[in-house]
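Chemist: Structure incoming, see below.
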Amino acid sequence: GAVVSQHPSWVICKSGTSVKIECRSLDFQATTMFWYRQFPKQSLMLMATSNEGSKATYEQGVEKDKFLINHASLTLSTLTVTSAHPEDSSFYICSASWTANEQYFGPGTRLTVT
Amino acid sequence: DAKTTQPNSMESNEEEPVHLPCNHSTISGTDYIHWYRQLPSQGPEYVIHGLTSNVNNRMASLAIAEDRKSSTLILHRATLRDAAVYYCILPFGNEKLTFGTGTRLTIIP
């Protein structure tokens with residue numbers, strides 16, 4: 001149990017376009033979902049926390065107008081990278097939880113902006 | 001949130017036990033100790049968590065020092081699939097995870 005999926009697993013887009021990444025909890029209802037970013041050879045950095053039906057809370061330094069998060073249901077959250085630039089190329093990972101003590105992570109989405 | 005310190009890397013022979021240490025000297029009384037691991041090119045995977053008592057699950061054991069200023073993740077019989085970066089984390093508000101650099105575990109066949 002406790003499976004989280006992400007789609008797509010990898011995406012290549014041109015500079016200036018927008019990309020949407022989906023995160024789904026497949027066998028549980030997630031009260032909270034988290035979005036992380038990981039650059040090569042670095043650790044994960046939390047971008048934002050979202051609860052179903054409310055606005056996401058962004059970490060300091062993360063542009064909320066550039067990284068749009070929608071948590072429309074207890075099983076789906078989306079991250080849209082708007083007007084993507086090459087420096088946005090990264091590994092984006094979501095996680096979902098229904099209890100405070102366990103988070104279940106998706107497999108990640110590798111974004112390359114050309 | 002309380003900080004954790006882990007060795008950058010460790011090696012272990014296959015089929016032997018592995019003890020991964022973590023120091024968290026500024027831990028507060030209500031902080032849980034969490035361990036996650038990340039295999040190459042994958043999202044992290046929950047391993048185990050505990051508060052005061054030692055904990056066991058199908059993946060590992062967590063030994064927590066009596067003063068809670070350190071803990072040890074124990075993999076009882078390492079396999080090649082256990083090669084990963086292991087993160088010891090004290091979640092902020094028992095929810096928000098801050099990933100440090102972790103310990104890169106290499107398993108020697």
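FYI, nothing fancy with the structure tokens labels: chains A, B, ... in order, residues from 1 per chain, ligands from 1 as they appear.
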Enumerate as a PyMOL selection string the residues belonging to chain A that approach chain B to within 10 Å, with only C-alpha atoms taken into account.
Modeler: chain A and resi 4+32+34+36+38+40-46+48-49+91-95+97+99-110
Chemist: Show which residues sit within 8 Å of A:Ala2, as a PyMOL selection string. Count only C-alpha atoms, and ignore same-chain residues fewer than 3 positions away.
Modeler: chain A and resi 25-28+104
Chemist: What separation in Å, quoted to one decimal, exists between atom CA of A:Ser9 and atom CA of B:Pro40?
Modeler: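 According to the coordinates, atom CA of A:Ser9 and atom CA of B:Pro40 are separated by 14.4 Å.
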Chemist: Which of these, A:Lys64, A:Arg37, A:Lys20, A:Lys14, has the shortest distance to A:Thr114 once you count only C-alpha atoms?
Modeler: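 Of all the options, A:Lys14 lies closest to A:Thr114.
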Chemist: Any idea what the distance is between atom CA of B:Cys22 and atom CA of B:Ala60?
Modeler: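 Distance between the two atoms: 14.8 Å.
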Chemist: Do a neighbour search on A:Gly16 at 7 Å with only C-alpha atoms, toss out local chain neighbours closer than 3 positions, and write the hits as a list in words.
Modeler: Ser83, Ala84 and His85 of chain A
Chemist: Which distance in Å separates atom CA of A:Pro86 and atom CA of A:Val11, to one decimal?
Modeler: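 Atom CA of A:Val11 lies at a distance of 12.7 Å from atom CA of A:Pro86.
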Chemist: Can you pull out every residue within 9 Å of stretch 67-77 of chain B, counting only C-alpha atoms, but drop anything in the same chain fewer than 6 positions away, and send it as a PyMOL selection string?
Modeler: chain B and resi 4+14-29+33+35+48+51-52+59-61+88
Chemist: Find the residues near A:Arg24: any atom within 9 Å, counting only C-alpha atoms, skip ones fewer than 3 places away on the same chain, and give them as a list in words.
Modeler: Val3, Val4, Ser5, Gln6, His7, Ala30, Leu74, Thr75, Leu76, Ser77, Thr78, Cys94, Ala96 and Gly106 of chain A
Chemist: List every residue of stretch 30-93 of chain B that DSSP, applied to the backbone of this structure, places in strand (DSSP E), and write the result as a PyMOL selection string.
Modeler: chain B and resi 33-38+45-50+55-56+61-64+70-75+84-89
